[in-house]
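Below is the file target.txt, which contains compact mmCIF, C-alpha atoms.
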```txt
# COMPACT_ATOMS: atom_id res chain seq x y z
CA MET A 1 35.55 -61.04 30.35
CA LYS A 2 33.47 -58.03 29.36
CA ASN A 3 33.72 -56.53 25.90
CA GLN A 4 36.00 -53.49 26.00
CA ILE A 5 34.68 -50.31 24.38
CA LEU A 6 36.97 -47.31 23.86
CA ILE A 7 35.13 -43.98 24.26
CA ILE A 8 37.01 -41.00 22.81
CA THR A 9 35.66 -37.79 24.31
CA TYR A 10 36.86 -34.27 25.00
CA TYR A 11 34.45 -33.57 27.87
CA TRP A 12 34.89 -35.54 31.06
CA PRO A 13 34.66 -34.55 34.74
CA PRO A 14 35.47 -32.05 36.10
CA ALA A 15 34.07 -30.46 32.91
CA GLY A 16 30.77 -28.72 33.58
CA GLY A 17 27.89 -28.02 31.22
CA PRO A 18 25.83 -30.36 29.04
CA GLY A 19 28.66 -31.85 26.93
CA VAL A 20 29.95 -34.12 29.69
CA GLN A 21 26.67 -35.69 30.79
CA ARG A 22 25.93 -37.99 27.85
CA TRP A 23 28.96 -40.25 27.93
CA LEU A 24 29.45 -40.00 31.67
CA LYS A 25 26.06 -41.68 31.99
CA PHE A 26 26.61 -44.20 29.19
CA ALA A 27 29.90 -45.21 30.83
CA LYS A 28 28.06 -45.58 34.14
CA TYR A 29 25.53 -48.10 32.80
CA LEU A 30 27.45 -49.96 30.07
CA PRO A 31 28.84 -52.54 32.56
CA ASP A 32 25.23 -53.53 33.34
CA PHE A 33 24.94 -54.66 29.71
CA GLY A 34 28.22 -56.61 29.61
CA PHE A 35 30.59 -53.92 28.31
CA GLU A 36 33.71 -52.47 29.89
CA PRO A 37 34.06 -48.77 28.98
CA ILE A 38 37.54 -47.29 28.63
CA VAL A 39 37.46 -43.50 28.44
CA TYR A 40 40.11 -41.54 26.55
CA CYS A 41 40.16 -37.79 27.23
CA PRO A 42 42.60 -34.84 27.49
CA GLU A 43 44.97 -34.58 30.42
CA ASN A 44 45.04 -30.77 30.51
CA PRO A 45 41.85 -29.50 28.82
CA SER A 46 40.61 -25.92 28.74
CA TYR A 47 37.02 -26.33 29.84
CA PRO A 48 34.84 -23.19 29.80
CA MET A 49 32.96 -24.51 32.86
CA ILE A 50 34.10 -26.65 35.79
CA ASP A 51 31.89 -28.81 38.01
CA ASP A 52 33.97 -30.75 40.52
CA SER A 53 30.86 -32.47 41.87
CA LEU A 54 30.69 -34.59 38.71
CA ASN A 55 33.93 -36.36 39.74
CA ASP A 56 31.80 -38.19 42.31
CA GLU A 57 29.79 -39.77 39.48
CA VAL A 58 32.80 -41.47 37.88
CA SER A 59 32.84 -45.09 38.98
CA GLU A 60 36.14 -46.52 40.18
CA ASP A 61 35.49 -49.41 37.80
CA ILE A 62 35.81 -47.14 34.74
CA LYS A 63 39.29 -47.01 33.27
CA VAL A 64 40.20 -43.45 32.23
CA ILE A 65 43.31 -42.80 30.15
CA LYS A 66 44.54 -39.29 29.42
CA GLN A 67 46.97 -37.67 27.05
CA PRO A 68 48.17 -34.02 26.87
CA ILE A 69 46.45 -31.57 24.55
CA SER A 70 47.63 -28.26 23.11
CA GLU A 71 44.83 -25.76 23.73
CA PRO A 72 44.81 -22.60 21.54
CA TYR A 73 42.14 -21.06 23.77
CA ARG A 74 44.81 -20.66 26.43
CA PHE A 75 46.79 -18.41 24.08
CA ALA A 76 43.63 -16.64 22.91
CA SER A 77 42.86 -15.75 26.52
CA LEU A 78 45.99 -13.62 26.57
CA LEU A 79 44.22 -11.33 24.08
CA SER A 80 40.83 -11.50 25.77
CA LYS A 81 40.13 -13.87 28.64
CA GLN A 82 36.39 -13.21 28.61
CA GLY A 83 36.15 -13.34 24.81
CA SER A 84 38.04 -16.63 24.67
CA LYS A 85 35.80 -18.18 27.32
CA GLN A 86 32.64 -17.01 25.57
CA ILE A 87 33.65 -18.30 22.13
CA SER A 88 34.78 -21.66 23.51
CA SER A 89 31.37 -22.08 25.18
CA GLY A 90 29.41 -20.97 22.09
CA VAL A 91 28.40 -17.52 23.35
CA ILE A 92 29.07 -15.31 20.31
CA PRO A 93 28.13 -11.60 20.47
CA LYS A 94 25.96 -10.15 17.71
CA LYS A 95 27.97 -8.82 14.76
CA LYS A 96 27.24 -5.16 15.49
CA LYS A 97 28.59 -5.52 19.02
CA GLN A 98 31.73 -7.51 18.23
CA SER A 99 35.00 -5.81 19.07
CA PHE A 100 37.99 -5.98 16.72
CA VAL A 101 39.61 -8.60 18.96
CA GLN A 102 36.44 -10.71 18.97
CA LYS A 103 36.17 -10.52 15.16
CA LEU A 104 39.83 -11.53 14.87
CA MET A 105 39.38 -14.46 17.26
CA LEU A 106 36.32 -15.70 15.35
CA TYR A 107 38.13 -15.47 12.01
CA VAL A 108 41.17 -17.33 13.32
CA ARG A 109 39.01 -19.95 15.03
CA GLY A 110 36.96 -20.50 11.87
CA ASN A 111 39.70 -20.57 9.25
CA PHE A 112 42.86 -21.77 10.98
CA PHE A 113 41.36 -24.42 13.25
CA ILE A 114 39.30 -26.76 11.09
CA PRO A 115 37.09 -28.37 12.18
CA ASP A 116 37.67 -26.78 15.60
CA ALA A 117 40.23 -25.60 18.12
CA ARG A 118 41.06 -29.15 19.27
CA LYS A 119 42.40 -30.26 15.87
CA ASN A 120 45.99 -30.44 17.16
CA TRP A 121 45.00 -33.32 19.44
CA VAL A 122 44.15 -35.58 16.50
CA GLN A 123 47.58 -36.81 15.40
CA PRO A 124 49.03 -37.37 18.91
CA SER A 125 45.87 -39.26 19.84
CA VAL A 126 45.98 -41.46 16.74
CA ALA A 127 49.62 -42.30 17.47
CA PHE A 128 48.95 -43.17 21.11
CA LEU A 129 45.67 -45.03 20.56
CA SER A 130 46.97 -47.10 17.64
CA SER A 131 49.36 -48.84 20.02
CA TYR A 132 46.89 -48.94 22.92
CA ILE A 133 44.10 -50.50 20.85
CA GLN A 134 46.35 -53.24 19.49
CA GLU A 135 47.97 -53.91 22.86
CA HIS A 136 44.60 -54.31 24.61
CA ASN A 137 42.84 -56.05 21.72
CA ILE A 138 40.03 -53.47 21.48
CA SER A 139 37.67 -53.98 18.55
CA THR A 140 35.15 -51.15 19.00
CA ILE A 141 35.67 -47.39 19.40
CA ILE A 142 33.24 -44.51 19.85
CA THR A 143 33.95 -40.85 19.11
CA THR A 144 31.64 -38.09 20.30
CA GLY A 145 31.47 -34.51 19.10
CA PRO A 146 31.49 -31.61 19.27
CA PRO A 147 34.33 -30.97 19.17
CA HIS A 148 34.04 -32.74 15.83
CA SER A 149 37.82 -33.02 15.49
CA LEU A 150 37.48 -36.10 17.67
CA HIS A 151 35.69 -37.82 14.79
CA LEU A 152 38.89 -37.36 12.78
CA ILE A 153 40.63 -39.54 15.38
CA GLY A 154 38.05 -42.23 14.70
CA LEU A 155 38.38 -41.73 10.95
CA GLN A 156 42.12 -42.39 11.03
CA LEU A 157 41.92 -45.29 13.50
CA LYS A 158 39.28 -46.93 11.33
CA ALA A 159 41.46 -46.63 8.24
CA LYS A 160 44.59 -47.78 10.06
CA LEU A 161 43.29 -50.63 12.23
CA GLY A 162 39.91 -51.60 10.80
CA VAL A 163 38.16 -51.29 14.18
CA LYS A 164 34.40 -50.99 14.43
CA TRP A 165 33.66 -47.27 14.78
CA LEU A 166 30.53 -45.51 16.06
CA ALA A 167 30.43 -41.73 15.50
CA ASP A 168 28.17 -39.96 18.00
CA PHE A 169 26.91 -36.48 17.06
CA ARG A 170 25.58 -34.61 20.09
CA ASP A 171 25.08 -31.65 17.71
CA PRO A 172 25.25 -31.34 13.91
CA TRP A 173 28.50 -30.31 12.22
CA THR A 174 28.17 -27.90 9.29
CA THR A 175 24.64 -26.81 10.21
CA ILE A 176 25.23 -26.15 13.91
CA GLY A 177 23.93 -22.71 14.89
CA TYR A 178 27.24 -20.92 15.50
CA HIS A 179 28.91 -22.27 12.35
CA LYS A 180 27.81 -19.33 10.22
CA ASP A 181 29.22 -16.88 12.79
CA LEU A 182 32.80 -18.11 12.37
CA LYS A 183 33.57 -15.83 9.39
CA LEU A 184 34.51 -18.81 7.21
CA SER A 185 36.13 -18.35 3.83
CA LYS A 186 34.73 -20.35 0.92
CA ILE A 187 37.73 -22.71 1.11
CA SER A 188 37.15 -23.24 4.84
CA GLU A 189 33.45 -23.98 4.29
CA GLU A 190 34.33 -26.54 1.64
CA ARG A 191 36.87 -28.15 3.96
CA HIS A 192 34.26 -28.56 6.71
CA VAL A 193 31.84 -30.18 4.27
CA GLN A 194 34.57 -32.49 2.99
CA LEU A 195 35.59 -33.65 6.47
CA GLU A 196 31.98 -34.11 7.55
CA SER A 197 31.34 -36.26 4.48
CA GLN A 198 34.41 -38.42 5.14
CA VAL A 199 33.28 -39.10 8.69
CA LEU A 200 29.67 -39.84 7.73
CA GLN A 201 30.73 -42.16 4.91
CA SER A 202 33.39 -44.03 6.91
CA ALA A 203 31.86 -44.71 10.33
CA ASP A 204 30.14 -48.09 10.74
CA GLU A 205 27.24 -46.54 12.63
CA ILE A 206 26.11 -42.93 13.10
CA ILE A 207 24.42 -41.97 16.36
CA VAL A 208 22.46 -38.72 16.59
CA THR A 209 20.39 -37.12 19.34
CA SER A 210 17.35 -36.01 17.32
CA GLU A 211 15.09 -37.10 14.46
CA ASN A 212 15.78 -33.87 12.59
CA THR A 213 19.54 -34.53 12.62
CA LYS A 214 18.87 -38.04 11.35
CA GLN A 215 16.86 -36.65 8.44
CA GLU A 216 19.68 -34.22 7.61
CA PHE A 217 22.35 -36.92 7.68
CA LEU A 218 20.25 -39.33 5.58
CA THR A 219 20.85 -36.92 2.69
CA LYS A 220 24.61 -37.15 3.25
CA THR A 221 25.32 -40.83 3.88
CA SER A 222 23.99 -44.31 3.29
CA LYS A 223 25.43 -45.58 6.58
CA PRO A 224 23.03 -46.71 9.35
CA ILE A 225 21.81 -43.84 11.55
CA ILE A 226 20.15 -44.34 14.91
CA VAL A 227 18.60 -41.77 17.23
CA ILE A 228 19.61 -42.07 20.88
CA THR A 229 18.51 -38.95 22.67
CA ASN A 230 19.98 -37.58 25.85
CA GLY A 231 18.08 -38.42 29.00
CA TYR A 232 17.66 -38.14 32.74
CA ASP A 233 19.25 -40.15 35.51
CA THR A 234 18.20 -41.21 38.96
CA HIS A 235 19.73 -39.24 41.81
CA SER A 236 19.70 -39.13 45.59
CA ILE A 237 19.03 -35.40 45.85
CA GLU A 238 16.26 -34.74 48.33
CA ARG A 239 13.35 -32.84 46.83
CA PRO A 240 13.55 -29.24 48.09
CA ILE A 241 10.65 -27.08 49.24
CA LYS A 242 9.06 -25.23 46.34
CA ASP A 243 10.00 -21.57 45.91
CA LYS A 244 7.70 -19.22 47.77
CA ALA A 245 7.57 -16.91 44.73
CA PHE A 246 6.09 -17.77 41.34
CA THR A 247 9.51 -18.50 39.82
CA LEU A 248 10.04 -18.93 36.11
CA ALA A 249 13.52 -20.48 35.91
CA HIS A 250 15.84 -20.83 32.96
CA ILE A 251 18.75 -23.19 33.59
CA GLY A 252 21.61 -23.22 31.10
CA SER A 253 23.12 -20.79 28.61
CA LEU A 254 20.99 -17.95 27.26
CA LEU A 255 22.93 -17.05 24.14
CA SER A 256 22.49 -13.79 22.23
CA GLU A 257 20.15 -15.43 19.70
CA ARG A 258 18.02 -17.00 22.44
CA ASP A 259 16.13 -13.80 23.06
CA PRO A 260 12.33 -14.37 22.95
CA LYS A 261 11.18 -10.75 23.09
CA HIS A 262 7.51 -11.67 22.80
CA LEU A 263 7.89 -13.69 26.00
CA TRP A 264 9.57 -10.77 27.76
CA GLN A 265 6.77 -8.53 26.51
CA ALA A 266 4.12 -10.95 27.79
CA LEU A 267 5.76 -10.93 31.22
CA ASN A 268 5.94 -7.15 31.15
CA GLU A 269 2.22 -6.91 30.41
CA LEU A 270 1.28 -9.39 33.13
CA ILE A 271 3.34 -7.41 35.65
CA ASN A 272 1.67 -4.15 34.65
CA GLU A 273 -1.86 -5.53 34.42
CA ASN A 274 -1.98 -8.00 37.32
CA GLU A 275 -1.01 -6.78 40.78
CA ARG A 276 -0.88 -10.29 42.26
CA PHE A 277 1.38 -11.46 39.43
CA ARG A 278 3.60 -8.42 40.01
CA THR A 279 3.85 -9.28 43.70
CA HIS A 280 4.68 -12.96 43.30
CA PHE A 281 6.71 -13.17 40.06
CA LYS A 282 10.46 -13.83 39.88
CA LEU A 283 12.60 -14.69 36.83
CA LYS A 284 15.42 -16.99 37.89
CA LEU A 285 18.44 -17.28 35.56
CA ILE A 286 20.99 -20.02 36.20
CA GLY A 287 23.94 -20.30 33.82
CA VAL A 288 25.71 -18.06 31.33
CA VAL A 289 23.51 -15.19 30.12
CA SER A 290 24.63 -12.96 27.24
CA GLU A 291 24.71 -9.19 27.63
CA ASN A 292 22.26 -8.88 24.73
CA VAL A 293 19.63 -10.94 26.54
CA LEU A 294 20.15 -9.05 29.79
CA GLN A 295 19.70 -5.79 27.88
CA SER A 296 16.43 -7.06 26.37
CA LEU A 297 15.17 -8.02 29.82
CA HIS A 298 16.03 -4.56 31.11
CA ASP A 299 14.34 -2.93 28.09
CA PHE A 300 11.11 -4.74 28.95
CA GLY A 301 11.21 -3.57 32.56
CA LEU A 302 12.13 -6.94 34.05
CA LYS A 303 15.39 -5.93 35.71
CA THR A 304 14.01 -5.82 39.26
CA TYR A 305 12.37 -9.25 38.85
CA ILE A 306 15.58 -11.07 37.83
CA GLU A 307 17.51 -13.37 40.13
CA ASN A 308 20.73 -14.05 38.18
CA LEU A 309 22.63 -16.88 39.92
CA GLY A 310 25.25 -17.57 37.23
CA TYR A 311 26.75 -21.03 36.75
CA VAL A 312 26.05 -23.61 39.47
CA SER A 313 26.97 -27.28 39.91
CA HIS A 314 24.87 -29.97 38.29
CA ALA A 315 23.49 -30.99 41.68
CA GLU A 316 22.44 -27.41 42.42
CA ALA A 317 20.83 -27.15 38.98
CA ILE A 318 18.70 -30.23 39.70
CA LYS A 319 17.62 -28.74 43.03
CA ALA A 320 16.66 -25.51 41.27
CA GLN A 321 14.58 -27.44 38.71
CA MET A 322 12.60 -29.13 41.44
CA ALA A 323 12.22 -25.98 43.56
CA SER A 324 11.07 -23.66 40.75
CA ARG A 325 7.40 -23.24 39.90
CA VAL A 326 7.80 -23.24 36.10
CA LEU A 327 10.84 -24.10 33.96
CA LEU A 328 11.74 -22.10 30.87
CA MET A 329 13.47 -23.50 27.79
CA VAL A 330 14.49 -21.25 24.89
CA GLU A 331 16.04 -22.34 21.59
CA ILE A 332 17.24 -20.15 18.73
CA ASN A 333 14.48 -19.34 16.26
CA SER A 334 16.06 -20.80 13.14
CA GLU A 335 15.79 -23.79 10.81
CA ASP A 336 19.14 -25.06 12.09
CA SER A 337 17.88 -25.18 15.68
CA LYS A 338 15.07 -27.65 14.98
CA VAL A 339 17.58 -30.46 15.48
CA ILE A 340 18.75 -29.28 18.89
CA ILE A 341 17.41 -31.11 21.94
CA PRO A 342 19.14 -29.65 25.00
CA GLY A 343 20.16 -32.34 27.46
CA LYS A 344 18.50 -30.39 30.26
CA LEU A 345 15.08 -31.01 28.66
CA PHE A 346 15.01 -34.56 30.01
CA GLU A 347 15.99 -33.46 33.50
CA TYR A 348 13.33 -30.76 33.25
CA MET A 349 10.78 -33.44 32.35
CA SER A 350 11.73 -35.68 35.27
CA SER A 351 11.67 -32.83 37.80
CA GLY A 352 7.89 -32.72 38.08
CA THR A 353 7.88 -29.02 37.18
CA PRO A 354 5.79 -27.61 34.27
CA ILE A 355 7.79 -26.47 31.23
CA ILE A 356 7.30 -23.42 29.05
CA ALA A 357 9.38 -23.84 25.87
CA VAL A 358 9.91 -21.30 23.10
CA GLY A 359 11.55 -22.26 19.82
CA PRO A 360 11.24 -22.81 16.06
CA LYS A 361 8.44 -24.62 14.27
CA GLY A 362 8.97 -28.33 13.62
CA SER A 363 11.36 -28.80 16.53
CA ASP A 364 12.08 -32.19 18.10
CA VAL A 365 11.65 -30.49 21.48
CA GLU A 366 8.04 -29.65 20.61
CA ASN A 367 7.25 -33.28 19.80
CA ILE A 368 8.87 -34.61 22.99
CA ILE A 369 7.17 -32.13 25.33
CA LYS A 370 3.76 -32.75 23.78
CA SER A 371 4.09 -36.55 23.72
CA THR A 372 5.16 -36.69 27.38
CA ASN A 373 2.61 -34.11 28.58
CA THR A 374 5.32 -32.24 30.49
CA GLY A 375 4.66 -28.69 29.37
CA HIS A 376 3.72 -26.27 26.62
CA TYR A 377 5.63 -25.33 23.46
CA PHE A 378 5.31 -21.95 21.73
CA PHE A 379 6.77 -20.20 18.71
CA TYR A 380 8.59 -16.90 19.07
CA ASP A 381 5.63 -14.78 17.93
CA ASP A 382 3.03 -16.52 20.14
CA LYS A 383 2.84 -13.66 22.62
CA PHE A 384 -0.86 -13.93 23.38
CA LYS A 385 -0.74 -17.73 23.76
CA ILE A 386 2.30 -17.50 26.02
CA LYS A 387 0.66 -14.81 28.12
CA ALA A 388 -2.54 -16.83 28.50
CA GLN A 389 -0.66 -19.98 29.52
CA LEU A 390 1.48 -18.12 32.05
CA LEU A 391 -1.70 -16.77 33.59
CA VAL A 392 -3.18 -20.29 33.79
CA LEU A 393 -0.04 -21.55 35.51
CA PHE A 394 -0.05 -18.58 37.87
CA GLU A 395 -3.64 -19.22 38.89
CA SER A 396 -2.74 -22.86 39.62
CA TYR A 397 0.20 -21.62 41.70
CA LEU A 398 -2.13 -19.40 43.74
CA THR A 399 -4.41 -22.37 44.50
CA ASN A 400 -1.44 -24.67 45.19
CA SER A 401 -2.51 -26.99 42.35
CA LEU A 402 0.43 -26.50 39.96
CA SER A 403 1.51 -29.99 38.86
CA VAL A 404 2.56 -32.24 35.97
CA SER A 405 1.06 -35.56 34.87
CA ALA A 406 3.90 -36.89 32.72
CA ILE A 407 3.57 -39.99 30.53
CA GLY A 408 6.15 -42.25 28.86
CA LEU A 409 9.24 -40.85 30.62
CA GLU A 410 10.94 -44.21 31.20
CA GLN A 411 12.15 -44.40 27.58
CA TYR A 412 14.34 -41.38 28.32
CA SER A 413 16.04 -42.80 31.40
CA ARG A 414 19.82 -43.05 31.04
CA LYS A 415 19.75 -46.79 31.68
CA ALA A 416 17.08 -47.44 29.04
CA LEU A 417 19.06 -45.36 26.53
CA THR A 418 22.24 -47.27 27.36
CA GLY A 419 20.33 -50.45 26.60
CA LYS A 420 19.61 -49.05 23.16
CA LEU A 421 23.31 -48.28 22.74
CA SER A 422 24.29 -51.79 23.84
CA ASN A 423 22.16 -53.26 21.05
CA LEU A 424 24.32 -51.36 18.57
CA LEU A 425 27.52 -52.53 20.23
CA GLU A 426 26.40 -56.14 20.07
CA LYS A 427 26.13 -55.96 16.27
CA ARG A 428 29.53 -57.36 15.38
```
Represent the supplied structure as structure tokens.
Amino acid sequence: MKNQILIITYYWPPAGGPGVQRWLKFAKYLPDFGFEPIVYCPENPSYPMIDDSLNDEVSEDIKVIKQPISEPYRFASLLSKQGSKQISSGVIPKKKKQSFVQKLMLYVRGNFFIPDARKNWVQPSVAFLSSYIQEHNISTIITTGPPHSLHLIGLQLKAKLGVKWLADFRDPWTTIGYHKDLKLSKISEERHVQLESQVLQSADEIIVTSENTKQEFLTKTSKPIIVITNGYDTHSIERPIKDKAFTLAHIGSLLSERDPKHLWQALNELINENERFRTHFKLKLIGVVSENVLQSLHDFGLKTYIENLGYVSHAEAIKAQMASRVLLMVEINSEDSKVIIPGKLFEYMSSGTPIIAVGPKGSDVENIIKSTNTGHYFFYDDKFKIKAQLLVLFESYLTNSLSVSAIGLEQYSRKALTGKLSNLLEKR
């Protein structure tokens, strides 16, 4: 009999985007290490992105139990469908461009739904799972956030049943980038800090995705903290033919604050100064792109070079990574963003395509890219360095010698990372 592990998650197929990948993959490989994953998720969620292709990755051997959830974003969409979808996916317009309705939605979201809009699922879940855990003799549970309200389910189940509880933080809580945009009152800020502290002090183990998050949490709890990053998985997708053009592709959300204007300026200068670059260059955008970023691109004369494909399935995203000539990764230029390691980074690294990354100093992303020799990392004001590197990559493209010599990637495979998780689960 395998050890049963209850995974409490909001995101599960057909949810699209990065939030679903982590525990979908852990659940896939846990049986190889002697554990039987049981997934608990909402029956009627309001996902900002849907990817039906991910249903094919859910093994028939994984038990999935679902319970109804009351989603306030459904009601918010009556006021503004687009605004509700953007806020739920983390795309928050700059303050000067926020409409009255958007300001109202942010205030309500920040001050009436603490820690987040899924808070009303906590009590029904605790009631249901209390009986389920005892009936099936489950001794270990895992909660994963955001949404961080799911950690409150773990908090109550731990207090009520004494189960072993692992709290997995895919992103920080009170220092996550959009937190300061929620128009929080002082009382609301204090409530977030209080709830975060309760979770960090009560869980048996804390799992984080970056070294920077670990360092932050070490100042807030004495509980054991382990870093298990996201990773890449094997797939059966046939490697496509490389794009004919010199494509610089960004895959994923380009939020308003992910706007590297020095990069756009460098591209503008290369287009104006280099006729061959101008002839071959294409900027490929796949995913949600904010209006602010699109406006910046237009301001720098890049409008005619953009191929904006919008959201695509995970399988199509992988194909695009392998077909593109260079992959672009952009993170918000702030102290808070140092802890963020986008899940797509690891798929980027395994695609065999060079990476150009732009972000803050001291980022975990910088360390990973440099240690694996998979690309180049720049700060926001490194215009001349970015421009020079793009030119080097372009010259390699012209001579058909553009390649990557990656090292040490195996540690980031989903199976290897699940092995690291299984070591935690075996500590009884």
Find the spatial neighbours of segment 409-415 of chain A, counting only C-alpha atoms, within a cut-off of 9 Å - ignore same-chain residues fewer than 6 positions away - and output them as a compact mmCIF listing (two decimals) with C-alpha atoms, keeping the file's coordinate frame.
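File produced: selection_35.txt:
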```
# COMPACT_ATOMS: atom_id res chain seq x y z
CA ARG A 22 25.93 -37.99 27.85
CA LYS A 25 26.06 -41.68 31.99
CA PHE A 26 26.61 -44.20 29.19
CA LYS A 28 28.06 -45.58 34.14
CA TYR A 29 25.53 -48.10 32.80
CA LEU A 30 27.45 -49.96 30.07
CA ASP A 32 25.23 -53.53 33.34
CA THR A 229 18.51 -38.95 22.67
CA ASN A 230 19.98 -37.58 25.85
CA GLY A 231 18.08 -38.42 29.00
CA TYR A 232 17.66 -38.14 32.74
CA ASP A 233 19.25 -40.15 35.51
CA THR A 234 18.20 -41.21 38.96
CA PHE A 346 15.01 -34.56 30.01
CA MET A 349 10.78 -33.44 32.35
CA SER A 350 11.73 -35.68 35.27
CA THR A 372 5.16 -36.69 27.38
```
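Here atom CA of Asn423 of chain A and atom CA of Asn55 of chain A stand 27.8 Å from one another.
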*segment 122-125 of chain A: which residues within 12 Å, counting all atoms listed in the file, same-chain residues fewer than 5 positions away excluded, as a ChimeraX atom specification?*
/A:8-10,40-43,65-70,113-117,130-133,143,147-157
Write to file, as a PDB file, in the frame of the given file, the residues of the selection just made, with C-alpha atoms.
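Just written: out12.pdb:
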```pdb
ATOM      1  CA  ILE A   8      37.010 -41.000  22.810  1.00  0.00           C
ATOM      2  CA  THR A   9      35.660 -37.790  24.310  1.00  0.00           C
ATOM      3  CA  TYR A  10      36.860 -34.270  25.000  1.00  0.00           C
ATOM      4  CA  TYR A  40      40.110 -41.540  26.550  1.00  0.00           C
ATOM      5  CA  CYS A  41      40.160 -37.790  27.230  1.00  0.00           C
ATOM      6  CA  PRO A  42      42.600 -34.840  27.490  1.00  0.00           C
ATOM      7  CA  GLU A  43      44.970 -34.580  30.420  1.00  0.00           C
ATOM      8  CA  ILE A  65      43.310 -42.800  30.150  1.00  0.00           C
ATOM      9  CA  LYS A  66      44.540 -39.290  29.420  1.00  0.00           C
ATOM     10  CA  GLN A  67      46.970 -37.670  27.050  1.00  0.00           C
ATOM     11  CA  PRO A  68      48.170 -34.020  26.870  1.00  0.00           C
ATOM     12  CA  ILE A  69      46.450 -31.570  24.550  1.00  0.00           C
ATOM     13  CA  SER A  70      47.630 -28.260  23.110  1.00  0.00           C
ATOM     14  CA  PHE A 113      41.360 -24.420  13.250  1.00  0.00           C
ATOM     15  CA  ILE A 114      39.300 -26.760  11.090  1.00  0.00           C
ATOM     16  CA  PRO A 115      37.090 -28.370  12.180  1.00  0.00           C
ATOM     17  CA  ASP A 116      37.670 -26.780  15.600  1.00  0.00           C
ATOM     18  CA  ALA A 117      40.230 -25.600  18.120  1.00  0.00           C
ATOM     19  CA  SER A 130      46.970 -47.100  17.640  1.00  0.00           C
ATOM     20  CA  SER A 131      49.360 -48.840  20.020  1.00  0.00           C
ATOM     21  CA  TYR A 132      46.890 -48.940  22.920  1.00  0.00           C
ATOM     22  CA  ILE A 133      44.100 -50.500  20.850  1.00  0.00           C
ATOM     23  CA  THR A 143      33.950 -40.850  19.110  1.00  0.00           C
ATOM     24  CA  PRO A 147      34.330 -30.970  19.170  1.00  0.00           C
ATOM     25  CA  HIS A 148      34.040 -32.740  15.830  1.00  0.00           C
ATOM     26  CA  SER A 149      37.820 -33.020  15.490  1.00  0.00           C
ATOM     27  CA  LEU A 150      37.480 -36.100  17.670  1.00  0.00           C
ATOM     28  CA  HIS A 151      35.690 -37.820  14.790  1.00  0.00           C
ATOM     29  CA  LEU A 152      38.890 -37.360  12.780  1.00  0.00           C
ATOM     30  CA  ILE A 153      40.630 -39.540  15.380  1.00  0.00           C
ATOM     31  CA  GLY A 154      38.050 -42.230  14.700  1.00  0.00           C
ATOM     32  CA  LEU A 155      38.380 -41.730  10.950  1.00  0.00           C
ATOM     33  CA  GLN A 156      42.120 -42.390  11.030  1.00  0.00           C
ATOM     34  CA  LEU A 157      41.920 -45.290  13.500  1.00  0.00           C
TER      35      LEU A 157
END
```
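Every protein or nucleic acid residue with an atom no more than 9 Å from Ala27 of chain A, counting all atoms listed in the file and leaving out same-chain residues fewer than 3 positions away, appears here: Ile7, Arg22, Trp23, Leu24, Leu30, Pro31, Glu36, Pro37, Ile38, Val39, Val58, Ser59, Ile62 and Thr418 of chain A.
Take the candidates A:His314, A:His298, A:Lys160, A:Lys220 and check each one against Pro14 of chain A using only C-alpha atoms; the shortest distance goes to A:His314.
When atom CA of Ser337 of chain A is paired with atom CA of Pro72 of chain A, their separation reads 27.7 Å.
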Generate N, CA and C atoms for segment 295-304 of chain A and emit them as an mmCIF file, in the frame of the given file.
```
data_model
loop_
_atom_site.group_PDB
_atom_site.id
_atom_site.type_symbol
_atom_site.label_atom_id
_atom_site.label_comp_id
_atom_site.auth_asym_id
_atom_site.auth_seq_id
_atom_site.Cartn_x
_atom_site.Cartn_y
_atom_site.Cartn_z
ATOM 1 N N GLN A 295 20.160 -7.108 28.308
ATOM 2 C CA GLN A 295 19.700 -5.790 27.880
ATOM 3 C C GLN A 295 18.233 -5.840 27.464
ATOM 4 N N SER A 296 17.838 -6.907 26.766
ATOM 5 C CA SER A 296 16.430 -7.060 26.370
ATOM 6 C C SER A 296 15.529 -7.131 27.595
ATOM 7 N N LEU A 297 15.960 -7.897 28.592
ATOM 8 C CA LEU A 297 15.170 -8.020 29.820
ATOM 9 C C LEU A 297 15.017 -6.662 30.503
ATOM 10 N N HIS A 298 16.086 -5.887 30.514
ATOM 11 C CA HIS A 298 16.030 -4.560 31.110
ATOM 12 C C HIS A 298 15.113 -3.642 30.297
ATOM 13 N N ASP A 299 15.180 -3.760 28.964
ATOM 14 C CA ASP A 299 14.340 -2.930 28.090
ATOM 15 C C ASP A 299 12.855 -3.174 28.327
ATOM 16 N N PHE A 300 12.512 -4.406 28.697
ATOM 17 C CA PHE A 300 11.110 -4.740 28.950
ATOM 18 C C PHE A 300 10.726 -4.596 30.426
ATOM 19 N N GLY A 301 11.553 -3.882 31.177
ATOM 20 C CA GLY A 301 11.210 -3.570 32.560
ATOM 21 C C GLY A 301 11.267 -4.733 33.521
ATOM 22 N N LEU A 302 12.069 -5.746 33.208
ATOM 23 C CA LEU A 302 12.130 -6.940 34.050
ATOM 24 C C LEU A 302 13.329 -6.978 34.983
ATOM 25 N N LYS A 303 14.132 -5.944 34.958
ATOM 26 C CA LYS A 303 15.390 -5.930 35.710
ATOM 27 C C LYS A 303 15.189 -6.254 37.183
ATOM 28 N N THR A 304 14.198 -5.634 37.815
ATOM 29 C CA THR A 304 14.010 -5.820 39.260
ATOM 30 C C THR A 304 13.407 -7.183 39.611
#
```
